[in-house]
Every structure is written in structure tokens, then in C-alpha cells.
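Participant: final_24.tsv is reproduced below (TSV, N, CA and C atoms).
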```
chain	number	residue	atom	x	y	z
A	235	MET	N	-88.46	26.38	76.96
A	235	MET	CA	-87.76	26.53	75.70
A	235	MET	C	-87.80	25.19	74.96
A	236	ASN	N	-88.38	25.20	73.77
A	236	ASN	CA	-88.55	23.98	73.00
A	236	ASN	C	-87.47	23.76	71.96
A	237	ALA	N	-86.50	24.64	71.88
A	237	ALA	CA	-85.45	24.52	70.86
A	237	ALA	C	-84.63	23.26	71.10
A	238	ARG	N	-84.28	22.63	70.02
A	238	ARG	CA	-83.45	21.43	70.08
A	238	ARG	C	-82.05	21.82	70.53
A	239	LYS	N	-81.43	20.94	71.30
A	239	LYS	CA	-80.05	21.17	71.73
A	239	LYS	C	-79.12	21.16	70.53
A	240	ILE	N	-78.04	21.90	70.62
A	240	ILE	CA	-77.00	21.86	69.60
A	240	ILE	C	-76.38	20.46	69.64
A	241	ARG	N	-76.30	19.83	68.48
A	241	ARG	CA	-75.74	18.47	68.38
A	241	ARG	C	-74.32	18.56	67.85
A	242	VAL	N	-73.38	17.99	68.61
A	242	VAL	CA	-71.96	18.08	68.28
A	242	VAL	C	-71.39	16.66	68.16
A	243	LEU	N	-70.72	16.41	67.04
A	243	LEU	CA	-69.98	15.17	66.85
A	243	LEU	C	-68.52	15.46	67.13
A	244	VAL	N	-67.93	14.76	68.09
A	244	VAL	CA	-66.51	14.91	68.40
A	244	VAL	C	-65.80	13.67	67.86
A	245	ALA	N	-64.76	13.90	67.05
A	245	ALA	CA	-64.08	12.78	66.40
A	245	ALA	C	-62.57	12.94	66.44
A	246	LYS	N	-61.88	11.82	66.41
A	246	LYS	CA	-60.42	11.76	66.36
A	246	LYS	C	-60.02	11.15	65.02
A	247	PRO	N	-59.73	11.99	64.02
A	247	PRO	CA	-59.37	11.44	62.71
A	247	PRO	C	-57.94	10.90	62.69
A	248	GLY	N	-57.74	9.89	61.86
A	248	GLY	CA	-56.39	9.36	61.65
A	248	GLY	C	-55.94	8.40	62.72
A	249	LEU	N	-54.63	8.24	62.79
A	249	LEU	CA	-54.04	7.22	63.66
A	249	LEU	C	-53.64	7.74	65.03
A	250	ASP	N	-54.04	8.94	65.35
A	250	ASP	CA	-53.74	9.54	66.65
A	250	ASP	C	-54.43	8.73	67.75
A	251	GLY	N	-53.68	8.26	68.72
A	251	GLY	CA	-54.23	7.44	69.78
A	251	GLY	C	-54.45	8.15	71.10
A	252	HIS	N	-54.36	9.47	71.12
A	252	HIS	CA	-54.52	10.24	72.36
A	252	HIS	C	-55.84	10.98	72.33
A	253	ASP	N	-56.74	10.65	73.26
A	253	ASP	CA	-58.06	11.27	73.21
A	253	ASP	C	-58.49	11.96	74.49
A	254	ARG	N	-57.59	12.19	75.40
A	254	ARG	CA	-57.98	12.84	76.66
A	254	ARG	C	-58.58	14.22	76.41
A	255	GLY	N	-57.93	15.02	75.55
A	255	GLY	CA	-58.44	16.36	75.26
A	255	GLY	C	-59.81	16.31	74.62
A	256	ALA	N	-60.01	15.39	73.70
A	256	ALA	CA	-61.32	15.26	73.04
A	256	ALA	C	-62.39	14.90	74.06
A	257	LYS	N	-62.06	14.03	75.00
A	257	LYS	CA	-63.04	13.64	76.02
A	257	LYS	C	-63.33	14.79	76.98
A	258	VAL	N	-62.32	15.59	77.31
A	258	VAL	CA	-62.54	16.75	78.17
A	258	VAL	C	-63.47	17.74	77.48
A	259	VAL	N	-63.21	18.02	76.21
A	259	VAL	CA	-64.05	18.96	75.46
A	259	VAL	C	-65.46	18.40	75.32
A	260	ALA	N	-65.58	17.11	74.99
A	260	ALA	CA	-66.91	16.50	74.84
A	260	ALA	C	-67.72	16.64	76.12
A	261	ARG	N	-67.10	16.38	77.24
A	261	ARG	CA	-67.83	16.50	78.52
A	261	ARG	C	-68.19	17.94	78.82
A	262	ALA	N	-67.28	18.86	78.54
A	262	ALA	CA	-67.55	20.28	78.79
A	262	ALA	C	-68.72	20.76	77.93
A	263	LEU	N	-68.77	20.33	76.69
A	263	LEU	CA	-69.87	20.73	75.82
A	263	LEU	C	-71.19	20.14	76.29
A	264	ARG	N	-71.14	18.90	76.74
A	264	ARG	CA	-72.34	18.28	77.30
A	264	ARG	C	-72.80	19.05	78.54
A	265	ASP	N	-71.84	19.41	79.40
A	265	ASP	CA	-72.18	20.16	80.60
A	265	ASP	C	-72.70	21.56	80.27
A	266	ALA	N	-72.35	22.06	79.08
A	266	ALA	CA	-72.83	23.37	78.63
A	266	ALA	C	-74.20	23.25	77.95
A	267	GLY	N	-74.80	22.06	77.97
A	267	GLY	CA	-76.15	21.88	77.46
A	267	GLY	C	-76.25	21.38	76.04
A	268	MET	N	-75.14	20.97	75.47
A	268	MET	CA	-75.17	20.45	74.10
A	268	MET	C	-75.28	18.93	74.13
A	269	GLU	N	-75.80	18.39	73.04
A	269	GLU	CA	-75.84	16.94	72.89
A	269	GLU	C	-74.58	16.54	72.15
A	270	VAL	N	-73.79	15.64	72.74
A	270	VAL	CA	-72.48	15.29	72.19
A	270	VAL	C	-72.42	13.82	71.84
A	271	ILE	N	-71.93	13.55	70.65
A	271	ILE	CA	-71.68	12.19	70.18
A	271	ILE	C	-70.18	12.07	69.99
A	272	TYR	N	-69.55	11.13	70.69
A	272	TYR	CA	-68.11	10.92	70.56
A	272	TYR	C	-67.87	9.63	69.81
A	273	THR	N	-67.14	9.72	68.69
A	273	THR	CA	-66.96	8.56	67.83
A	273	THR	C	-65.81	7.65	68.23
A	274	GLY	N	-64.91	8.15	69.07
A	274	GLY	CA	-63.77	7.32	69.47
A	274	GLY	C	-62.55	7.56	68.60
A	275	LEU	N	-61.54	6.76	68.83
A	275	LEU	CA	-60.24	6.91	68.17
A	275	LEU	C	-60.23	6.34	66.76
A	276	ARG	N	-59.24	6.81	66.01
A	276	ARG	CA	-58.86	6.26	64.70
A	276	ARG	C	-60.01	6.22	63.69
A	277	GLN	N	-60.65	7.36	63.54
A	277	GLN	CA	-61.75	7.48	62.58
A	277	GLN	C	-61.24	7.96	61.23
A	278	THR	N	-61.74	7.37	60.16
A	278	THR	CA	-61.40	7.85	58.83
A	278	THR	C	-62.30	9.05	58.51
A	279	PRO	N	-61.90	9.89	57.56
A	279	PRO	CA	-62.79	10.98	57.15
A	279	PRO	C	-64.15	10.46	56.70
A	280	GLU	N	-64.18	9.32	56.02
A	280	GLU	CA	-65.44	8.74	55.58
A	280	GLU	C	-66.33	8.35	56.77
A	281	MET	N	-65.74	7.79	57.80
A	281	MET	CA	-66.49	7.41	58.99
A	281	MET	C	-67.05	8.65	59.69
A	282	ILE	N	-66.26	9.70	59.74
A	282	ILE	CA	-66.69	10.94	60.40
A	282	ILE	C	-67.86	11.57	59.64
A	283	ALA	N	-67.73	11.67	58.32
A	283	ALA	CA	-68.80	12.27	57.52
A	283	ALA	C	-70.08	11.43	57.60
A	284	ALA	N	-69.94	10.11	57.58
A	284	ALA	CA	-71.12	9.24	57.69
A	284	ALA	C	-71.80	9.42	59.04
A	285	ALA	N	-71.01	9.51	60.11
A	285	ALA	CA	-71.59	9.71	61.45
A	285	ALA	C	-72.28	11.07	61.54
A	286	ALA	N	-71.69	12.09	60.94
A	286	ALA	CA	-72.30	13.42	60.95
A	286	ALA	C	-73.66	13.39	60.27
A	287	LEU	N	-73.75	12.69	59.16
A	287	LEU	CA	-75.01	12.57	58.43
A	287	LEU	C	-76.03	11.78	59.25
A	288	GLN	N	-75.59	10.64	59.75
A	288	GLN	CA	-76.49	9.76	60.50
A	288	GLN	C	-77.01	10.44	61.77
A	289	GLU	N	-76.17	11.18	62.44
A	289	GLU	CA	-76.54	11.79	63.72
A	289	GLU	C	-77.18	13.17	63.56
A	290	ASP	N	-77.26	13.68	62.33
A	290	ASP	CA	-77.89	14.97	62.04
A	290	ASP	C	-77.31	16.07	62.94
A	291	VAL	N	-75.98	16.21	62.90
A	291	VAL	CA	-75.31	17.15	63.79
A	291	VAL	C	-75.27	18.55	63.21
A	292	ASP	N	-75.07	19.51	64.11
A	292	ASP	CA	-74.89	20.91	63.74
A	292	ASP	C	-73.42	21.26	63.64
A	293	VAL	N	-72.60	20.51	64.38
A	293	VAL	CA	-71.17	20.81	64.52
A	293	VAL	C	-70.38	19.52	64.51
A	294	VAL	N	-69.21	19.57	63.86
A	294	VAL	CA	-68.22	18.49	63.97
A	294	VAL	C	-66.98	19.09	64.60
A	295	GLY	N	-66.53	18.49	65.68
A	295	GLY	CA	-65.29	18.89	66.33
A	295	GLY	C	-64.24	17.83	66.10
A	296	LEU	N	-63.15	18.21	65.47
A	296	LEU	CA	-62.07	17.27	65.16
A	296	LEU	C	-60.88	17.56	66.05
A	297	SER	N	-60.43	16.56	66.76
A	297	SER	CA	-59.25	16.67	67.62
A	297	SER	C	-58.12	15.91	66.96
A	298	ILE	N	-57.03	16.62	66.68
A	298	ILE	CA	-55.93	15.98	65.95
A	298	ILE	C	-54.59	16.43	66.50
A	299	LEU	N	-53.77	15.45	66.81
A	299	LEU	CA	-52.45	15.71	67.37
A	299	LEU	C	-51.35	15.12	66.51
A	300	SER	N	-51.72	14.38	65.47
A	300	SER	CA	-50.76	13.58	64.72
A	300	SER	C	-49.97	14.33	63.67
A	301	GLY	N	-50.40	15.54	63.32
A	301	GLY	CA	-49.75	16.28	62.26
A	301	GLY	C	-50.34	16.02	60.89
A	302	ALA	N	-51.38	15.20	60.81
A	302	ALA	CA	-52.00	14.87	59.53
A	302	ALA	C	-53.18	15.78	59.20
A	303	HIS	N	-53.28	16.90	59.90
A	303	HIS	CA	-54.42	17.80	59.70
A	303	HIS	C	-54.51	18.34	58.28
A	304	GLY	N	-53.37	18.51	57.62
A	304	GLY	CA	-53.34	19.07	56.27
A	304	GLY	C	-54.02	18.21	55.23
A	305	SER	N	-54.11	16.91	55.48
A	305	SER	CA	-54.78	16.03	54.53
A	305	SER	C	-56.13	15.54	55.06
A	306	LEU	N	-56.21	15.23	56.35
A	306	LEU	CA	-57.44	14.65	56.90
A	306	LEU	C	-58.58	15.66	56.98
A	307	ILE	N	-58.29	16.87	57.43
A	307	ILE	CA	-59.36	17.85	57.63
A	307	ILE	C	-59.98	18.30	56.31
A	308	PRO	N	-59.17	18.64	55.29
A	308	PRO	CA	-59.81	18.98	54.01
A	308	PRO	C	-60.65	17.84	53.44
A	309	ARG	N	-60.23	16.60	53.67
A	309	ARG	CA	-61.02	15.45	53.19
A	309	ARG	C	-62.36	15.38	53.92
A	310	VAL	N	-62.35	15.59	55.22
A	310	VAL	CA	-63.62	15.61	55.97
A	310	VAL	C	-64.52	16.71	55.42
A	311	MET	N	-63.96	17.90	55.20
A	311	MET	CA	-64.74	19.03	54.68
A	311	MET	C	-65.36	18.67	53.32
A	312	GLN	N	-64.58	18.06	52.45
A	312	GLN	CA	-65.07	17.66	51.13
A	312	GLN	C	-66.22	16.67	51.24
A	313	LEU	N	-66.06	15.66	52.10
A	313	LEU	CA	-67.09	14.64	52.25
A	313	LEU	C	-68.36	15.21	52.85
A	314	LEU	N	-68.24	16.13	53.79
A	314	LEU	CA	-69.43	16.77	54.36
A	314	LEU	C	-70.20	17.50	53.27
A	315	LYS	N	-69.48	18.24	52.43
A	315	LYS	CA	-70.14	18.97	51.34
A	315	LYS	C	-70.80	18.00	50.36
A	316	GLU	N	-70.11	16.92	50.03
A	316	GLU	CA	-70.67	15.94	49.10
A	316	GLU	C	-71.94	15.29	49.63
A	317	GLN	N	-72.06	15.21	50.95
A	317	GLN	CA	-73.24	14.60	51.57
A	317	GLN	C	-74.32	15.62	51.90
A	318	GLY	N	-74.15	16.84	51.41
A	318	GLY	CA	-75.16	17.87	51.64
A	318	GLY	C	-75.10	18.48	53.03
A	319	LEU	N	-73.95	18.40	53.66
A	319	LEU	CA	-73.80	18.91	55.03
A	319	LEU	C	-72.93	20.16	55.09
A	320	ALA	N	-73.00	20.98	54.06
A	320	ALA	CA	-72.21	22.21	54.06
A	320	ALA	C	-72.60	23.14	55.21
A	321	ARG	N	-73.83	23.02	55.74
A	321	ARG	CA	-74.28	23.84	56.85
A	321	ARG	C	-73.60	23.49	58.18
A	322	VAL	N	-73.02	22.29	58.26
A	322	VAL	CA	-72.38	21.83	59.49
A	322	VAL	C	-71.11	22.62	59.72
A	323	LYS	N	-70.98	23.18	60.92
A	323	LYS	CA	-69.79	23.94	61.29
A	323	LYS	C	-68.72	22.97	61.79
A	324	VAL	N	-67.49	23.17	61.33
A	324	VAL	CA	-66.38	22.29	61.72
A	324	VAL	C	-65.38	23.08	62.53
A	325	PHE	N	-65.05	22.55	63.69
A	325	PHE	CA	-64.05	23.12	64.58
A	325	PHE	C	-62.92	22.12	64.73
A	326	VAL	N	-61.71	22.62	64.88
A	326	VAL	CA	-60.54	21.76	65.01
A	326	VAL	C	-59.80	22.13	66.28
A	327	GLY	N	-59.35	21.12	66.99
A	327	GLY	CA	-58.53	21.34	68.18
A	327	GLY	C	-57.33	20.43	68.14
A	328	GLY	N	-56.28	20.86	68.81
A	328	GLY	CA	-55.09	20.02	68.89
A	328	GLY	C	-53.83	20.79	68.58
A	329	ILE	N	-52.84	20.06	68.12
A	329	ILE	CA	-51.54	20.63	67.80
A	329	ILE	C	-51.54	21.03	66.32
A	330	ILE	N	-51.87	22.28	66.08
A	330	ILE	CA	-51.93	22.80	64.72
A	330	ILE	C	-50.99	24.00	64.64
A	331	PRO	N	-49.95	23.93	63.82
A	331	PRO	CA	-49.05	25.09	63.69
A	331	PRO	C	-49.80	26.32	63.17
A	332	GLU	N	-49.46	27.48	63.72
A	332	GLU	CA	-50.10	28.73	63.29
A	332	GLU	C	-50.08	28.90	61.78
A	333	ALA	N	-48.99	28.50	61.14
A	333	ALA	CA	-48.85	28.66	59.70
A	333	ALA	C	-49.86	27.82	58.91
A	334	ASP	N	-50.42	26.79	59.52
A	334	ASP	CA	-51.37	25.91	58.84
A	334	ASP	C	-52.82	26.36	59.00
A	335	ILE	N	-53.08	27.25	59.92
A	335	ILE	CA	-54.46	27.65	60.21
A	335	ILE	C	-55.14	28.33	59.02
A	336	PRO	N	-54.47	29.25	58.29
A	336	PRO	CA	-55.16	29.87	57.15
A	336	PRO	C	-55.67	28.87	56.11
A	337	ALA	N	-54.92	27.82	55.85
A	337	ALA	CA	-55.37	26.82	54.88
A	337	ALA	C	-56.60	26.07	55.39
A	338	LEU	N	-56.65	25.83	56.70
A	338	LEU	CA	-57.81	25.14	57.27
A	338	LEU	C	-59.04	26.03	57.23
A	339	THR	N	-58.88	27.30	57.54
A	339	THR	CA	-60.03	28.20	57.48
A	339	THR	C	-60.48	28.41	56.04
A	340	ALA	N	-59.54	28.43	55.11
A	340	ALA	CA	-59.90	28.55	53.70
A	340	ALA	C	-60.68	27.32	53.23
A	341	ALA	N	-60.41	26.17	53.85
A	341	ALA	CA	-61.14	24.94	53.52
A	341	ALA	C	-62.53	24.92	54.15
A	342	GLY	N	-62.82	25.89	55.02
A	342	GLY	CA	-64.15	25.99	55.62
A	342	GLY	C	-64.21	25.74	57.11
A	343	VAL	N	-63.08	25.49	57.76
A	343	VAL	CA	-63.08	25.28	59.21
A	343	VAL	C	-63.48	26.59	59.90
A	344	ALA	N	-64.42	26.50	60.84
A	344	ALA	CA	-64.95	27.69	61.52
A	344	ALA	C	-63.93	28.28	62.49
A	345	ALA	N	-63.18	27.42	63.20
A	345	ALA	CA	-62.18	27.91	64.16
A	345	ALA	C	-61.23	26.78	64.51
A	346	VAL	N	-60.03	27.18	64.93
A	346	VAL	CA	-59.01	26.23	65.37
A	346	VAL	C	-58.63	26.60	66.80
A	347	PHE	N	-58.65	25.61	67.68
A	347	PHE	CA	-58.33	25.81	69.09
A	347	PHE	C	-57.07	25.04	69.45
A	348	GLY	N	-56.12	25.71	70.04
A	348	GLY	CA	-54.89	25.07	70.45
A	348	GLY	C	-54.96	24.55	71.87
A	349	PRO	N	-53.88	23.90	72.30
A	349	PRO	CA	-53.81	23.39	73.67
A	349	PRO	C	-54.03	24.53	74.67
A	350	GLY	N	-54.75	24.22	75.73
A	350	GLY	CA	-54.98	25.19	76.78
A	350	GLY	C	-56.17	26.11	76.57
A	351	THR	N	-56.88	25.96	75.45
A	351	THR	CA	-58.07	26.78	75.22
A	351	THR	C	-59.11	26.46	76.28
A	352	ASN	N	-59.69	27.47	76.84
A	352	ASN	CA	-60.73	27.30	77.85
A	352	ASN	C	-61.96	26.68	77.19
A	353	THR	N	-62.52	25.66	77.81
A	353	THR	CA	-63.67	24.98	77.21
A	353	THR	C	-64.89	25.89	77.13
A	354	THR	N	-65.01	26.87	78.00
A	354	THR	CA	-66.14	27.80	77.89
A	354	THR	C	-66.00	28.66	76.63
A	355	ASP	N	-64.77	28.93	76.21
A	355	ASP	CA	-64.55	29.66	74.96
A	355	ASP	C	-64.96	28.81	73.76
A	356	ILE	N	-64.70	27.52	73.83
A	356	ILE	CA	-65.09	26.61	72.74
A	356	ILE	C	-66.62	26.56	72.64
A	357	ALA	N	-67.29	26.39	73.78
A	357	ALA	CA	-68.76	26.34	73.79
A	357	ALA	C	-69.35	27.65	73.26
A	358	ALA	N	-68.78	28.76	73.64
A	358	ALA	CA	-69.27	30.06	73.17
A	358	ALA	C	-69.09	30.20	71.66
A	359	ALA	N	-67.96	29.75	71.14
A	359	ALA	CA	-67.70	29.82	69.70
A	359	ALA	C	-68.69	28.96	68.93
A	360	ILE	N	-69.01	27.80	69.47
A	360	ILE	CA	-69.99	26.92	68.82
A	360	ILE	C	-71.35	27.60	68.81
A	361	ARG	N	-71.75	28.16	69.93
A	361	ARG	CA	-73.05	28.84	69.99
A	361	ARG	C	-73.13	29.99	68.99
A	362	ARG	N	-72.04	30.76	68.89
A	362	ARG	CA	-72.02	31.87	67.92
A	362	ARG	C	-72.13	31.34	66.49
A	363	ALA	N	-71.40	30.27	66.19
A	363	ALA	CA	-71.38	29.74	64.83
A	363	ALA	C	-72.73	29.14	64.43
A	364	VAL	N	-73.37	28.47	65.36
A	364	VAL	CA	-74.64	27.81	65.07
A	364	VAL	C	-75.79	28.83	65.13
A	365	GLY	N	-75.67	29.83	65.97
A	365	GLY	CA	-76.73	30.81	66.10
A	365	GLY	C	-77.89	30.26	66.90
A	366	GLU	N	-79.02	30.84	66.70
A	366	GLU	CA	-80.19	30.49	67.50
A	366	GLU	C	-80.99	29.33	66.90
A	367	THR	N	-80.58	28.80	65.75
A	367	THR	CA	-81.40	27.78	65.10
A	367	THR	C	-80.59	26.53	64.78
A	368	PRO	N	-80.28	25.68	65.78
A	368	PRO	CA	-79.59	24.43	65.47
A	368	PRO	C	-80.41	23.62	64.49
A	369	GLY	N	-79.68	22.95	63.60
A	369	GLY	CA	-80.35	22.12	62.61
A	369	GLY	C	-80.87	22.90	61.42
A	370	GLY	N	-80.79	24.23	61.49
A	370	GLY	CA	-81.35	25.05	60.41
A	370	GLY	C	-80.36	25.28	59.37
```
Show me the file's structure as C-alpha cells.

Facilitator:
Amino acid sequence: MNARKIRVLVAKPGLDGHDRGAKVVARALRDAGMEVIYTGLRQTPEMIAAAALQEDVDVVGLSILSGAHGSLIPRVMQLLKEQGLARVKVFVGGIIPEADIPALTAAGVAAVFGPGTNTTDIAAAIRRAVGETPGG
């Protein structure tokens, strides 16, 4: 099989200093055969969008626990579109109130995963969203 691996950028936007969940998901996605780039803590939306462009990713996974998802995630979505990356699927994980999920999906987020989500479910959702043609 000569198909390129699905490329996933995992990022921690904002001032949230807890990244254990992001690291667990990043490793699980790598173990599921995806290529994973982890940007580390305290990333600005601009840094995340720039990394997505530079790394030519298919997916951006944002892990957020700080409660700033209402402002940070729409900004990331806007910057991705401005950089011609509207094709990139964005997934969000962390502490996101159910009432806030419709606004995130309306902004273009493919899916939101809460605490305790099985990592195989996350990998499957990414595969479904990207389809058979990563980078396409």
C-alpha cells in the first residue's frame, strides 16, 4: 500500500498546562498508523495554523481544558480557512460543555470528544472524516 499516512497535528491551545490526555491520544493515533506531530503546550491559534500549514496535515486535534474553547477554537478555524486549509478536519477533545458543542460544530469542527472517549473511537472518526485520500 503506497498511500500516505494520515497526518495529524495535536495541539494545546491557550494557557492550559495539562497535556497528559493530548499525549495519550497522540500516541494512540501513532500506534493506529497515523503520523502525529505534537506541538506542545500553550500554543496560540496563529502558531497552530502555521504548524498545520507547514506540516501539511490532514487533521488538527485540539485538546482544551481551560474553558477558552469558545474563543480559541473559532479563531483556529478562521486562520486555517485564511491559509487555504479548509480541507483540514478539526477535532476537539477535553472539557467541553454539551451546550457549547453546537457552536463548535457550526464553526466547522468535525467532532468533539469528552473525557473517557476510547482512543480507538477517535482514530476511527479521523479515518472516516479523512476518507481514503489523505492530503486530498

Participant: So that I can see what lies close to Asp250 of chain A, please list as a VMD selection string the residues with an atom at most 6.5 Å from it, counting all atoms listed in the file and leaving out residues fewer than 5 positions away in the same chain.

Facilitator: chain A and resid 275 to 276 299 to 300

Participant: Between atom C of Ile360 of chain A and atom CA of Ile329 of chain A, what is the spacing in Å?

Facilitator: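 The value is 21.0 Å.
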
Participant: Quick one: residues within 8 Å of Gly301 of chain A, all atoms listed in the file counted, chain neighbours fewer than 3 positions away excluded, as a list of chain:residue names?

Facilitator: A:Asp250, A:Ile298, A:Gly304, A:Ser305, A:Leu306, A:Ile329, A:Ile330, A:Pro331

Participant: Please report the interatomic distance between atom N of Met281 of chain A and atom N of Asp265 of chain A in Å with one decimal.

Facilitator: 25.3 Å

Participant: I'd like the interatomic distance between atom CA of Val310 of chain A and atom C of Ala266 of chain A, to a tenth of an Å.

Facilitator: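 Those two atoms sit 25.6 Å apart.
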
Participant: Would you please give, as a list in words, all residues of segment 270-340 of chain A that DSSP assigns to strand (DSSP E) based on the backbone?

Facilitator: Val270, Ile271, Tyr272, Val293, Val294, Gly295, Leu296, Ser297, Ile298, Lys323, Val324, Phe325, Val326, Gly327 and Gly328 of chain A

Participant: Write out as number ranges by chain which residues come within 7 Å of Gly267 of chain A when counting all atoms listed in the file, dropping same-chain ones fewer than 5 positions away.

Facilitator: A: 239-240, 262

Participant: Taking only N, CA and C atoms into account, name the residue in A:Gly342, A:Gly365, A:Pro308, A:Pro247 that is nearest to Gly274 of chain A.

Facilitator: A:Pro247

Participant: What's the 8 Å shell around Val326 of chain A, counting all atoms listed in the file, without same-chain residues fewer than 2 positions away, as number ranges by chain?

Facilitator: A: 294-298, 323-324, 328-330, 343-348

Participant: I'd like to know which of A:Ala302, A:Thr273, A:Pro279, A:Leu314 is closest to Asp253 of chain A, using only C-alpha atoms.

Facilitator: A:Thr273

Participant: Grab all the atoms of segment 331-347 of chain A that the file lists, wrap them in a box along x, y and z, add 6 Å per side, and give me centre plus edge lengths in Å (one decimal) as AutoDock Vina command-line options.

Facilitator:
```
--center_x -56.9 --center_y 26.9 --center_z 61.3 --size_x 28.1 --size_y 17.9 --size_z 28.2
```

Participant: Got a sec: who's within 12 Å of Gly318 of chain A, counting only C-alpha atoms, leaving out chain neighbours fewer than 4 positions off, as a PyMOL selection string?

Facilitator: chain A and resi 283-284+286-287+290+311-314+322

Participant: Between A:Glu269, A:Ala363, A:Glu289, A:Gly327, which one has atoms that come closest to Lys246 of chain A, using only C-alpha atoms?

Facilitator: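 With only C-alpha atoms as the atom set, the closest residue is A:Gly327.
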
Participant: Reconstruct N, CA, C and O atoms of segment 319-333 of chain A from the incomplete input and present them as a short mmCIF file (atom, residue, chain, number, x, y, z; two decimals), keeping the file's coordinate frame.

Facilitator:
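Output below, filename part25.cif:
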```
data_model
loop_
_atom_site.label_atom_id
_atom_site.label_comp_id
_atom_site.auth_asym_id
_atom_site.auth_seq_id
_atom_site.Cartn_x
_atom_site.Cartn_y
_atom_site.Cartn_z
N LEU A 319 -73.95 18.40 53.66
CA LEU A 319 -73.80 18.91 55.03
C LEU A 319 -72.93 20.16 55.09
O LEU A 319 -72.23 20.39 56.07
N ALA A 320 -73.00 20.98 54.06
CA ALA A 320 -72.21 22.21 54.06
C ALA A 320 -72.60 23.14 55.21
O ALA A 320 -71.79 23.95 55.65
N ARG A 321 -73.83 23.02 55.74
CA ARG A 321 -74.28 23.84 56.85
C ARG A 321 -73.60 23.49 58.18
O ARG A 321 -73.59 24.28 59.10
N VAL A 322 -73.02 22.29 58.26
CA VAL A 322 -72.38 21.83 59.49
C VAL A 322 -71.11 22.62 59.72
O VAL A 322 -70.26 22.74 58.84
N LYS A 323 -70.98 23.18 60.92
CA LYS A 323 -69.79 23.94 61.29
C LYS A 323 -68.72 22.97 61.79
O LYS A 323 -69.01 22.06 62.56
N VAL A 324 -67.49 23.17 61.33
CA VAL A 324 -66.38 22.29 61.72
C VAL A 324 -65.38 23.08 62.53
O VAL A 324 -64.93 24.16 62.12
N PHE A 325 -65.05 22.55 63.69
CA PHE A 325 -64.05 23.12 64.58
C PHE A 325 -62.92 22.12 64.73
O PHE A 325 -63.16 20.91 64.73
N VAL A 326 -61.71 22.62 64.88
CA VAL A 326 -60.54 21.76 65.01
C VAL A 326 -59.80 22.13 66.28
O VAL A 326 -59.63 23.31 66.59
N GLY A 327 -59.35 21.12 66.99
CA GLY A 327 -58.53 21.34 68.18
C GLY A 327 -57.33 20.43 68.14
O GLY A 327 -57.36 19.38 67.50
N GLY A 328 -56.28 20.86 68.81
CA GLY A 328 -55.09 20.02 68.89
C GLY A 328 -53.83 20.79 68.58
O GLY A 328 -53.77 22.00 68.73
N ILE A 329 -52.84 20.06 68.12
CA ILE A 329 -51.54 20.63 67.80
C ILE A 329 -51.54 21.03 66.32
O ILE A 329 -51.28 20.22 65.45
N ILE A 330 -51.87 22.28 66.08
CA ILE A 330 -51.93 22.80 64.72
C ILE A 330 -50.99 24.00 64.64
O ILE A 330 -51.21 25.00 65.32
N PRO A 331 -49.95 23.93 63.82
CA PRO A 331 -49.05 25.09 63.69
C PRO A 331 -49.80 26.32 63.17
O PRO A 331 -50.68 26.21 62.30
N GLU A 332 -49.46 27.48 63.72
CA GLU A 332 -50.10 28.73 63.29
C GLU A 332 -50.08 28.90 61.78
O GLU A 332 -51.04 29.39 61.19
N ALA A 333 -48.99 28.50 61.14
CA ALA A 333 -48.85 28.66 59.70
C ALA A 333 -49.86 27.82 58.91
O ALA A 333 -50.14 28.13 57.75
#
```
